[in-house]
Every structure is written in C-alpha cells, then in structure tokens.
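Q: My structure is stored as input-v4.csv, with CSV, C-alpha atoms.
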```csv
chain,number,residue,atom,x,y,z
A,1,MET,CA,-16.8,79.8,59.2
A,2,PRO,CA,-17.1,76.9,61.8
A,3,ASN,CA,-14.2,74.8,60.5
A,4,SER,CA,-11.9,77.7,59.7
A,5,SER,CA,-9.8,77.3,62.8
A,6,GLY,CA,-9.1,73.7,62.1
A,7,LEU,CA,-8.2,74.4,58.6
A,8,ILE,CA,-5.9,77.2,59.6
A,9,ARG,CA,-4.2,74.8,62.1
A,10,TRP,CA,-3.8,72.3,59.3
A,11,LEU,CA,-2.3,74.9,57.0
A,12,THR,CA,0.0,76.1,59.7
A,13,ALA,CA,1.2,72.6,60.4
A,14,PHE,CA,1.7,71.9,56.7
A,15,LEU,CA,3.7,75.2,56.2
A,16,ALA,CA,5.9,74.3,59.2
A,17,GLY,CA,6.5,70.8,57.8
A,18,PHE,CA,7.3,72.2,54.4
A,19,VAL,CA,9.8,74.7,55.8
A,20,VAL,CA,11.5,71.9,57.8
A,21,TRP,CA,11.7,69.7,54.7
A,22,LEU,CA,12.9,72.6,52.6
A,23,MET,CA,15.7,73.4,55.0
A,24,SER,CA,16.9,69.9,55.0
A,25,ALA,CA,16.6,69.4,51.3
A,26,ALA,CA,17.6,72.8,50.0
A,27,PRO,CA,21.3,72.9,50.6
A,28,ALA,CA,21.9,69.8,48.5
A,29,ALA,CA,19.2,70.5,45.9
A,30,ALA,CA,19.7,74.2,45.3
A,31,HIS,CA,20.6,74.7,41.7
A,32,GLU,CA,21.4,71.0,41.3
A,33,VAL,CA,19.1,69.6,38.6
A,34,ARG,CA,21.8,67.9,36.6
A,35,PRO,CA,21.4,64.9,34.4
A,36,ALA,CA,24.3,62.7,33.4
A,37,TYR,CA,25.7,63.0,29.8
A,38,LEU,CA,27.3,60.5,27.6
A,39,GLU,CA,28.9,61.7,24.3
A,40,VAL,CA,30.2,59.2,21.8
A,41,ILE,CA,31.9,60.7,18.6
A,42,GLU,CA,33.2,58.5,15.8
A,43,THR,CA,36.6,60.0,14.8
A,44,SER,CA,37.5,57.3,12.2
A,45,PRO,CA,35.7,54.1,11.1
A,46,GLY,CA,35.0,52.1,14.2
A,47,VAL,CA,37.0,54.4,16.5
A,48,TYR,CA,35.1,56.6,19.0
A,49,ASP,CA,36.0,59.3,21.5
A,50,VAL,CA,33.8,58.9,24.6
A,51,THR,CA,33.0,61.6,27.2
A,52,TRP,CA,31.0,60.6,30.3
A,53,LYS,CA,29.8,63.3,32.7
A,54,GLN,CA,27.9,62.7,35.9
A,55,PRO,CA,26.9,65.0,38.8
A,56,VAL,CA,28.6,64.8,42.1
A,57,LEU,CA,26.2,65.4,44.9
A,58,ASP,CA,27.4,66.3,48.5
A,59,GLY,CA,30.9,65.3,47.4
A,60,ARG,CA,29.9,61.8,46.4
A,61,ARG,CA,29.6,60.5,42.8
A,62,LEU,CA,26.5,58.5,41.9
A,63,LYS,CA,27.1,54.8,41.4
A,64,ILE,CA,26.2,54.9,37.7
A,65,ASP,CA,28.4,54.0,34.8
A,66,PRO,CA,28.0,53.4,31.0
A,67,VAL,CA,28.3,49.9,29.9
A,68,PHE,CA,29.2,49.3,26.2
A,69,PRO,CA,29.0,46.1,24.1
A,70,ASN,CA,31.5,43.5,25.3
A,71,ASP,CA,34.1,44.2,22.6
A,72,CYS,CA,34.4,47.9,23.4
A,73,ALA,CA,37.5,48.2,25.6
A,74,ARG,CA,38.4,51.5,27.2
A,75,GLU,CA,41.7,52.9,26.1
A,76,GLY,CA,43.6,56.0,27.4
A,77,GLU,CA,41.0,56.7,30.1
A,78,TYR,CA,41.3,60.2,31.7
A,79,VAL,CA,39.3,61.3,34.8
A,80,ALA,CA,38.8,64.9,36.1
A,81,SER,CA,36.5,66.5,38.6
A,82,PRO,CA,35.8,70.1,37.6
A,83,GLY,CA,33.3,71.7,40.1
A,84,GLY,CA,30.4,69.4,40.9
A,85,THR,CA,30.9,67.1,38.0
A,86,LEU,CA,32.9,63.9,37.4
A,87,VAL,CA,34.3,63.7,33.8
A,88,GLN,CA,35.7,60.6,32.3
A,89,ARG,CA,37.2,60.4,28.8
A,90,TRP,CA,38.4,57.4,26.8
A,91,THR,CA,38.7,56.0,23.3
A,92,THR,CA,37.2,52.7,22.2
A,93,SER,CA,37.4,50.7,19.0
A,94,CYS,CA,34.4,48.5,18.2
A,95,ASP,CA,31.1,48.3,16.3
A,96,LEU,CA,28.5,50.6,17.7
A,97,ASN,CA,26.0,50.0,15.0
A,98,GLN,CA,24.6,47.0,16.9
A,99,GLY,CA,24.1,45.9,20.4
A,100,GLU,CA,23.2,48.2,23.2
A,101,ILE,CA,24.5,50.8,25.7
A,102,ARG,CA,23.3,50.6,29.3
A,103,ILE,CA,23.8,53.0,32.2
A,104,ASP,CA,24.5,50.6,35.0
A,105,GLY,CA,23.0,51.7,38.3
A,106,LEU,CA,20.7,54.4,36.8
A,107,GLU,CA,17.6,52.4,37.9
A,108,ARG,CA,18.6,53.1,41.5
A,109,THR,CA,18.7,56.9,41.1
A,110,LEU,CA,16.4,59.8,40.2
A,111,THR,CA,18.8,60.9,37.5
A,112,ASP,CA,18.3,61.0,33.7
A,113,ALA,CA,21.2,60.4,31.3
A,114,PHE,CA,21.5,62.1,28.0
A,115,VAL,CA,23.2,60.1,25.3
A,116,ARG,CA,24.5,61.5,22.0
A,117,ILE,CA,26.2,59.4,19.4
A,118,ASP,CA,27.7,61.1,16.3
A,119,ARG,CA,28.6,58.6,13.5
A,120,LEU,CA,30.6,59.3,10.4
A,121,GLU,CA,28.0,57.4,8.3
A,122,GLY,CA,24.5,56.5,9.1
A,123,ASP,CA,22.0,58.0,11.6
A,124,ASP,CA,23.2,59.9,14.6
A,125,ILE,CA,21.5,59.0,17.9
A,126,GLY,CA,20.2,61.3,20.6
A,127,ALA,CA,18.3,59.8,23.5
A,128,VAL,CA,17.4,60.2,27.1
A,129,LEU,CA,17.8,57.2,29.4
A,130,ARG,CA,15.8,57.2,32.6
A,131,PRO,CA,15.8,55.0,35.7
A,132,SER,CA,12.8,53.1,34.3
A,133,SER,CA,14.5,52.6,30.9
A,134,PRO,CA,18.3,52.7,31.3
A,135,VAL,CA,19.1,50.8,28.0
A,136,LEU,CA,19.7,52.2,24.5
A,137,ASP,CA,19.2,50.0,21.5
A,138,LEU,CA,21.9,51.0,19.0
A,139,THR,CA,20.0,49.6,16.1
A,140,VAL,CA,17.1,51.9,16.5
A,141,PRO,CA,17.6,55.5,15.1
A,142,THR,CA,16.4,58.3,17.3
A,143,GLY,CA,16.1,62.0,16.9
A,144,ALA,CA,17.5,64.6,19.2
A,145,PRO,CA,15.7,64.5,22.5
A,146,VAL,CA,14.6,68.2,22.2
A,147,THR,CA,11.3,68.0,24.0
A,148,THR,CA,13.0,66.6,27.1
A,149,TYR,CA,14.6,70.1,27.6
A,150,PHE,CA,11.1,71.4,28.5
A,151,ARG,CA,10.9,69.0,31.4
A,152,ILE,CA,14.5,69.8,32.4
A,153,GLY,CA,13.5,73.5,32.5
A,154,VAL,CA,10.4,72.8,34.7
A,155,GLU,CA,12.4,70.6,37.1
A,156,HIS,CA,15.2,73.2,37.3
A,157,ILE,CA,12.7,75.7,38.8
A,158,ILE,CA,10.6,73.2,40.9
A,159,PHE,CA,13.7,71.7,42.4
A,160,GLY,CA,15.9,74.7,42.2
A,161,TRP,CA,15.3,76.1,45.7
A,162,ASP,CA,17.4,79.2,45.3
A,163,HIS,CA,15.4,80.4,42.2
A,164,LEU,CA,12.1,79.5,44.0
A,165,LEU,CA,13.0,81.6,47.0
A,166,PHE,CA,14.0,84.5,44.8
A,167,VAL,CA,10.6,84.4,43.1
A,168,LEU,CA,8.9,84.1,46.5
A,169,GLY,CA,10.9,87.1,47.7
A,170,MET,CA,9.7,89.1,44.7
A,171,VAL,CA,6.1,88.1,45.5
A,172,LEU,CA,6.5,89.3,49.1
A,173,LEU,CA,8.2,92.5,48.1
A,174,VAL,CA,6.2,93.6,45.1
A,175,ARG,CA,2.7,95.2,45.2
A,176,PRO,CA,0.1,93.3,43.2
A,177,LYS,CA,-0.1,95.9,40.4
A,178,GLN,CA,3.7,95.7,39.9
A,179,LEU,CA,4.0,91.9,40.1
A,180,LEU,CA,3.4,91.1,36.4
A,181,LEU,CA,5.9,93.7,35.2
A,182,THR,CA,8.5,92.6,37.7
A,183,LEU,CA,8.2,88.9,36.9
A,184,THR,CA,8.4,89.8,33.2
A,185,ALA,CA,11.6,91.8,33.7
A,186,PHE,CA,13.1,88.9,35.5
A,187,THR,CA,12.1,86.5,32.7
A,188,VAL,CA,13.4,88.8,29.9
A,189,ALA,CA,16.7,89.3,31.8
A,190,HIS,CA,17.5,85.7,32.4
A,191,SER,CA,16.4,84.7,28.9
A,192,ILE,CA,19.0,87.2,27.5
A,193,THR,CA,21.9,85.8,29.5
A,194,LEU,CA,20.8,82.2,29.1
A,195,ALA,CA,20.8,82.6,25.3
A,196,ALA,CA,24.1,84.5,25.4
A,197,ALA,CA,25.7,81.8,27.5
A,198,THR,CA,24.4,78.7,25.7
A,199,LEU,CA,24.5,80.0,22.1
A,200,GLY,CA,27.0,82.8,22.1
A,201,GLY,CA,29.6,81.3,24.5
A,202,VAL,CA,29.4,84.3,26.9
A,203,THR,CA,30.3,82.9,30.3
A,204,LEU,CA,31.1,84.0,33.9
A,205,PRO,CA,32.9,82.0,36.5
A,206,GLY,CA,30.5,79.6,38.3
A,207,PRO,CA,31.3,80.4,41.9
A,208,PRO,CA,30.8,84.2,41.7
A,209,VAL,CA,27.5,83.7,39.9
A,210,GLU,CA,26.3,81.2,42.5
A,211,ILE,CA,27.4,83.5,45.4
A,212,THR,CA,25.7,86.5,43.8
A,213,ILE,CA,22.5,84.5,43.4
A,214,ALA,CA,22.6,83.6,47.1
A,215,MET,CA,23.2,87.2,48.1
A,216,SER,CA,20.3,88.4,45.9
A,217,ILE,CA,18.0,86.0,47.8
A,218,ALA,CA,19.2,87.4,51.1
A,219,LEU,CA,18.7,90.9,49.9
A,220,LEU,CA,15.1,90.1,48.9
A,221,GLY,CA,14.4,88.7,52.3
A,222,ALA,CA,15.7,91.9,53.9
A,223,GLU,CA,13.7,94.1,51.5
A,224,ALA,CA,10.5,92.1,52.1
A,225,MET,CA,10.9,92.8,55.9
A,226,HIS,CA,11.4,96.5,55.1
A,227,ARG,CA,8.1,96.6,53.2
A,228,ILE,CA,6.3,94.8,56.1
A,229,LYS,CA,7.7,97.5,58.4
A,230,GLY,CA,6.5,100.2,56.1
A,231,TRP,CA,10.0,101.4,55.1
A,232,ASP,CA,10.3,102.9,51.6
A,233,THR,CA,13.2,101.5,49.6
A,234,LEU,CA,14.5,101.7,46.1
A,235,SER,CA,13.5,98.0,45.6
A,236,GLN,CA,9.9,98.9,46.3
A,237,ARG,CA,9.9,101.9,44.0
A,238,ILE,CA,11.4,100.2,40.9
A,239,PRO,CA,11.2,96.5,41.6
A,240,TRP,CA,11.3,95.7,37.9
A,241,ALA,CA,14.8,97.2,37.6
A,242,ILE,CA,16.1,95.2,40.5
A,243,ALA,CA,14.5,92.0,39.1
A,244,PHE,CA,16.0,92.7,35.7
A,245,GLY,CA,19.5,93.2,37.1
A,246,PHE,CA,19.5,90.0,39.2
A,247,GLY,CA,17.7,88.2,36.4
A,248,LEU,CA,20.8,88.7,34.3
A,249,ILE,CA,22.9,86.9,36.9
A,250,HIS,CA,20.2,84.1,37.4
A,251,GLY,CA,20.4,83.5,33.6
A,252,PHE,CA,24.0,82.5,33.9
A,253,GLY,CA,22.9,80.2,36.8
A,254,PHE,CA,20.3,78.6,34.5
A,255,ALA,CA,23.0,78.1,31.9
A,256,GLY,CA,25.0,76.0,34.4
A,257,ALA,CA,22.3,73.3,34.1
A,258,LEU,CA,22.7,73.2,30.3
A,259,ALA,CA,26.5,73.4,30.4
A,260,GLU,CA,26.6,69.9,31.9
A,261,ILE,CA,24.6,68.3,29.2
A,262,GLY,CA,25.0,70.6,26.2
A,263,LEU,CA,22.4,71.2,23.5
A,264,PRO,CA,21.4,68.6,20.9
A,265,LYS,CA,23.4,69.0,17.7
A,266,GLY,CA,21.3,70.7,14.9
A,267,ALA,CA,18.5,71.6,17.3
A,268,GLU,CA,20.2,74.0,19.7
A,269,ALA,CA,17.8,76.9,19.3
A,270,MET,CA,14.7,74.8,19.8
A,271,ALA,CA,16.1,73.0,22.8
A,272,LEU,CA,17.1,76.3,24.4
A,273,LEU,CA,13.6,77.7,23.7
A,274,LEU,CA,11.9,74.7,25.2
A,275,PHE,CA,14.2,74.8,28.3
A,276,ASN,CA,13.4,78.5,28.8
A,277,VAL,CA,9.6,77.8,28.3
A,278,GLY,CA,9.9,75.0,30.9
A,279,VAL,CA,11.6,77.4,33.3
A,280,GLU,CA,8.7,79.9,32.8
A,281,ALA,CA,6.1,77.2,33.1
A,282,GLY,CA,7.6,76.1,36.5
A,283,GLN,CA,7.7,79.7,37.6
A,284,VAL,CA,4.1,80.4,36.7
A,285,LEU,CA,3.0,77.2,38.5
A,286,PHE,CA,4.9,78.3,41.6
A,287,VAL,CA,3.5,81.8,41.6
A,288,SER,CA,0.0,80.6,41.0
A,289,ALA,CA,0.2,78.2,43.9
A,290,LEU,CA,1.6,81.1,46.1
A,291,LEU,CA,-1.2,83.4,45.2
A,292,ALA,CA,-3.9,80.7,45.7
A,293,ALA,CA,-2.5,79.9,49.2
A,294,ALA,CA,-2.4,83.6,50.1
A,295,PHE,CA,-6.0,84.0,48.9
A,296,VAL,CA,-7.1,81.1,51.1
A,297,VAL,CA,-5.3,82.3,54.2
A,298,HIS,CA,-6.5,85.9,53.7
A,299,LYS,CA,-10.1,84.7,53.4
A,300,LEU,CA,-10.0,82.4,56.4
A,301,ALA,CA,-7.7,84.3,58.7
A,302,ALA,CA,-6.6,87.7,57.5
A,303,LYS,CA,-4.8,88.5,60.8
A,304,ARG,CA,-2.4,85.7,60.3
A,305,MET,CA,-1.1,87.1,57.0
A,306,VAL,CA,1.4,89.4,58.6
A,307,PRO,CA,3.0,86.7,60.8
A,308,VAL,CA,3.2,84.4,57.8
A,309,ARG,CA,4.8,87.1,55.7
A,310,VAL,CA,7.3,87.9,58.4
A,311,GLY,CA,8.2,84.2,58.8
A,312,LEU,CA,8.7,83.8,55.1
A,313,ALA,CA,10.8,86.9,54.8
A,314,TYR,CA,13.1,85.8,57.6
A,315,PHE,CA,13.3,82.3,56.1
A,316,ILE,CA,14.3,83.7,52.7
A,317,GLY,CA,17.0,86.0,54.3
A,318,PHE,CA,18.3,83.1,56.4
A,319,MET,CA,18.6,80.7,53.5
A,320,GLY,CA,20.1,83.3,51.2
A,321,SER,CA,22.7,84.1,53.8
A,322,TYR,CA,23.4,80.4,54.5
A,323,TRP,CA,23.9,79.6,50.8
A,324,ALA,CA,26.2,82.7,50.4
A,325,VAL,CA,28.4,81.6,53.3
A,326,GLU,CA,28.4,78.0,52.1
A,327,ARG,CA,29.3,78.9,48.5
A,328,ILE,CA,32.0,81.4,49.6
A,329,ALA,CA,33.5,78.8,51.8
A,330,GLY,CA,33.4,76.3,49.0
A,331,ALA,CA,34.9,78.7,46.5
A,332,PHE,CA,37.8,80.1,48.6
A,333,PHE,CA,38.5,77.4,51.2
A,334,GLY,CA,37.3,74.2,49.6
A,335,VAL,CA,34.9,73.5,52.4
```
Once more with this new file: its structure as structure tokens, please.

A:
Amino acid sequence: MPNSSGLIRWLTAFLAGFVVWLMSAAPAAAHEVRPAYLEVIETSPGVYDVTWKQPVLDGRRLKIDPVFPNDCAREGEYVASPGGTLVQRWTTSCDLNQGEIRIDGLERTLTDAFVRIDRLEGDDIGAVLRPSSPVLDLTVPTGAPVTTYFRIGVEHIIFGWDHLLFVLGMVLLVRPKQLLLTLTAFTVAHSITLAAATLGGVTLPGPPVEITIAMSIALLGAEAMHRIKGWDTLSQRIPWAIAFGFGLIHGFGFAGALAEIGLPKGAEAMALLLFNVGVEAGQVLFVSALLAAAFVVHKLAAKRMVPVRVGLAYFIGFMGSYWAVERIAGAFFGV
C-alpha cells in the first residue's frame, strides 16, 4: 500500500501522544468519576437535615456550594473529610416547596450534582444538576434520576484509567478464543460484588481495595510480557479464573463510585442495573476500539505489532506499579 508508511507514522504519533496524555491525566483521574451529592430530608414540618458531599481532587475541593432560598439559614453545621470527599451537614428551617436550589460554581466544572429531597408530604424530588443547568426548581416534581446511572457507569469506565488498563492487559494476555470467556468472567465477578456492596451492605476498606486493583494491573503487565516472550504461566492457562478473582475486587472499586452518591430511593435495583450496564457498555466500546486498532495495524504493518504490544505491556506494568506505590503511600503515610 503506497500510503501505509505515512499512515503508520501517524498512528505511531497518535499512540505516543495518547500515552503521554494518559500518563499526565491518569494519576488524578484513576477511579475518580464522582459527582457531588445533595441530600435534603424533612424531619418535621419545615425542618430539614441537609448533607452535602463533593469530591476532593488532588487534595483540593471544588469551588461549588449549594445555595438555598434566602430564608434557609444553616444551623449546627458540621464538616468532615473522609477519604477523597468533603462532607458538610447542617439543619435548616424554611419552606422548600417553592423557590429554587442552585449549585453555585457548578457551571465552571465538569461535575454533575445529584439532588435528593425527601418530604413528609407531597412529592419527593430526585434530579441531576449539570454545569449547563445548575438550578433546581422546587415547584416542579421530578422522578428519581435512574437513567443517569447508565451514563455514570459508562463514564466510570471511559475515565477510570485503572479499569481501562486492566481490560487492556487482559486483551494483551488472553488468546482470541479465550477473550470472550475471560471478559465474561470479569463482568460476572464485579457484578456480584457491586450488588453485594450497594444492596447488601457488604464492604471492604477502600485503601486495600484500591491498592489491590493497582497491583492487579501491574501483574497483568508482567503476565502480558511473559506471553510475548513465550513463557507459559497460570494466567495464560486459566485466564478466566484470574479475571474472576480480580473482578471481585474491582467490583468493590466500582461500588466506591456509587457510595458517594447513593442509589435513588425506591429505585435502587434499577439504578444499580443501569450503572452496571453502563460499565459493560463502556467496556465493550473500549475493547471494540482496541480490536479495531489492532486489526488496522496488523493489516498495514504486521511487524510492528510486537513492539506495540511490548510497549503497552511495559506501560501497563509501570502505571500499575506507580498507582500501587502512590496508594500505599497515601494509605499509610498520608502522602
């Protein structure tokens, strides 16, 4: 093909640029698809307990804050910072059947904000405020924003670099005839623990889960290199079992995204299902893009497939090790 060399150079430059961008973005973005969450529960007529949660990224809180109608003063405000989340709680006494609630500063971010208002009488409110629409009209009843959980699931995969690299590692490690079974085992496993964590209250401490996820990525990078070198390993003989085992841990990681926002009252099962379907949709899109790119490179320059695979395997191993060290340092030394 007369233009194949130019196309290969373009693909190589694109891949290099993508890797550089991923290395700069991944440490902050890994596993950090977290919307803000505002919960308002009426405890007695006109009296509300308010909980406001927002993500803390790179040690800095986003400059966003809920603004209530003018007569809603904050009383007994309490602030805490568990993990990567800023939590504020207070009580307010006012009429929340009229007026509006606005998330000030949301328009300057890429973050969504879930809002849940439980009233003693009248319709409850469940809504998602976005940078393009940061205001909630309290006079308009809304249903639980269940369908939004599908998009959150897709985003959690597409922008969750640690899970993407784990899937990439499986694609590099697993032979084509084993790929479907292996990905299915991973899906089944993390679906089990995701449901157990969000519906059954089964939890594991966050730092060990995140550290184990990072180590699983580093392991896949090493195993992918072993396959390229022709070494026979247990991971190559029964990759579905390895994927299932680590999938159980990754499921608890997925649950961390939901833990920050909760599930809509009365529609927990459907929201969880849509979140999980969104995760799988993002995973299928990513694997399809990988296979399409591999097909193009193989057709145009088969000899370059091995160097590309080697580079990706080393990159996966490096990032997994980097995240493991970073998370260990954060868990034990507060770094």

Q: Please, what distance in Å, to one decimal, runs between atom CA of Glu75 of chain A and atom CA of Thr91 of chain A?

A: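 Computed distance, atom CA of Glu75 of chain A to atom CA of Thr91 of chain A, equals 5.1 Å.
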
Q: From the options A:Glu280, A:Glu210, A:Asp124, A:Asp118, which residue's atoms come nearest to Glu39 of chain A, counting only C-alpha atoms?

A: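 For Glu39 of chain A, the nearest of the candidates is A:Asp118.
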
Q: For Val140 of chain A, work out the shell of residues within 12 Å, counting all atoms listed in the file and skipping chain neighbours fewer than 5 positions away, then give it as a list in words.

A: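 Contacts, with the query itself left out: Leu96, Asn97, Gln98, Gly99, Glu100, Ile101, Gly122, Asp123, Asp124, Ile125, Gly126, Ala127 and Val135 of chain A.
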
Q: Would you kindly identify which residues have an atom no farther than 8 Å from (27.9, 81.4, 45.4), using all atoms listed in the file and the file's own coordinates, and write them out as a list of chain:residue names?

A: A:Gly206, A:Pro207, A:Pro208, A:Val209, A:Glu210, A:Ile211, A:Thr212, A:Ile213, A:Ala214, A:Met215, A:Trp323, A:Ala324, A:Val325, A:Glu326, A:Arg327, A:Ile328, A:Ala331

Q: To one decimal in Å, tell me the separation between atom CA of Ala313 of chain A and atom CA of Arg237 of chain A.

A: 18.5 Å

Q: Considering only C-alpha atoms, tabulate each residue of segment 262-311 of chain A that lies at most 9 Å from segment 194-203 of chain A along with its nearest interatomic pair and the corresponding distance in Å to one decimal; arrange the rows by chain and ascending residue number and present them as a Markdown table.

A:
```
| residue | atom | partner | partner_atom | distance |
| --- | --- | --- | --- | --- |
| A:Gly262 | CA | A:Thr198 | CA | 8.1 |
| A:Leu263 | CA | A:Thr198 | CA | 8.1 |
| A:Glu268 | CA | A:Leu199 | CA | 7.8 |
| A:Ala269 | CA | A:Leu199 | CA | 7.9 |
| A:Leu272 | CA | A:Ala195 | CA | 7.4 |
| A:Leu273 | CA | A:Ala195 | CA | 8.9 |
| A:Asn276 | CA | A:Leu194 | CA | 8.3 |
```

Q: One decimal, in Å: what's the spacing between atom CA of Leu110 of chain A and atom CA of Tyr149 of chain A?

A: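 Straight-line distance from atom CA of Leu110 of chain A to atom CA of Tyr149 of chain A works out to 16.4 Å.
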
Q: Sorted by chain and rising residue number, list the residues of segment 222-256 of chain A at most 12 Å from segment 151-168 of chain A (counting all atoms listed in the file), each with its closest atom pair and distance in Å to one decimal, as CSV.

A:
```
residue,atom,partner,partner_atom,distance
A:Ala222,CA,A:Phe166,CA,11.9
A:Glu223,CA,A:Phe166,CA,11.7
A:Ala224,CA,A:Leu168,CA,9.9
A:Ile242,CA,A:Phe166,CA,11.7
A:Ala243,CA,A:Val167,CA,9.4
A:Phe246,CA,A:Phe166,CA,9.6
A:Gly247,CA,A:Phe166,CA,9.9
A:Ile249,CA,A:His163,CA,11.3
A:His250,CA,A:His163,CA,7.7
A:Gly251,CA,A:His163,CA,10.4
A:Gly253,CA,A:His163,CA,9.2
A:Phe254,CA,A:His156,CA,7.9
A:Ala255,CA,A:Gly153,CA,10.6
A:Gly256,CA,A:His156,CA,10.6
```

Q: For the selection just defined, write its residues with C-alpha atoms to a file, as an mmCIF file, in the frame of the given file.

A:
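The new file again31.cif reads:
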```cif
data_model
loop_
_atom_site.group_PDB
_atom_site.id
_atom_site.type_symbol
_atom_site.label_atom_id
_atom_site.label_comp_id
_atom_site.auth_asym_id
_atom_site.auth_seq_id
_atom_site.Cartn_x
_atom_site.Cartn_y
_atom_site.Cartn_z
ATOM 1 C CA ALA A 222 15.700 91.900 53.900
ATOM 2 C CA GLU A 223 13.700 94.100 51.500
ATOM 3 C CA ALA A 224 10.500 92.100 52.100
ATOM 4 C CA ILE A 242 16.100 95.200 40.500
ATOM 5 C CA ALA A 243 14.500 92.000 39.100
ATOM 6 C CA PHE A 246 19.500 90.000 39.200
ATOM 7 C CA GLY A 247 17.700 88.200 36.400
ATOM 8 C CA ILE A 249 22.900 86.900 36.900
ATOM 9 C CA HIS A 250 20.200 84.100 37.400
ATOM 10 C CA GLY A 251 20.400 83.500 33.600
ATOM 11 C CA GLY A 253 22.900 80.200 36.800
ATOM 12 C CA PHE A 254 20.300 78.600 34.500
ATOM 13 C CA ALA A 255 23.000 78.100 31.900
ATOM 14 C CA GLY A 256 25.000 76.000 34.400
#
```

Q: I'd like to know which of A:Pro35, A:Asp71, A:Ile64, A:Ala189 is closest to Gly245 of chain A, using all atoms listed in the file.

A: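 The closest residue to Gly245 of chain A is A:Ala189.
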
Q: Segment 134-231 of chain A near segment 291-304 of chain A within 12 Å: what's each residue's closest atom pair and its distance in Å to one decimal, counting all atoms listed in the file, ordered by chain then ascending residue number, as JSON lines?

A:
```
{"residue": "A:Leu168", "atom": "CA", "partner": "A:Leu291", "partner_atom": "CA", "distance": 10.2}
{"residue": "A:Val171", "atom": "CA", "partner": "A:Leu291", "partner_atom": "CA", "distance": 8.7}
{"residue": "A:Leu172", "atom": "CA", "partner": "A:Leu291", "partner_atom": "CA", "distance": 10.5}
{"residue": "A:Pro176", "atom": "CA", "partner": "A:Leu291", "partner_atom": "CA", "distance": 10.2}
{"residue": "A:Leu179", "atom": "CA", "partner": "A:Leu291", "partner_atom": "CA", "distance": 11.2}
```

Q: When distances are computed from all atoms listed in the file, which of A:Ala329, A:Leu248, A:Val56, A:Val128 shows the smallest separation from Thr187 of chain A?

A: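 Comparing A:Ala329, A:Leu248, A:Val56, A:Val128 against Thr187 of chain A, the winner is A:Leu248.
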
Q: Taking only C-alpha atoms into account, which of A:Val188, A:Met270, A:Leu120, A:Leu183 comes nearest Val287 of chain A?

A: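 Looking at the shortest contact to Val287 of chain A, the residue is A:Leu183.
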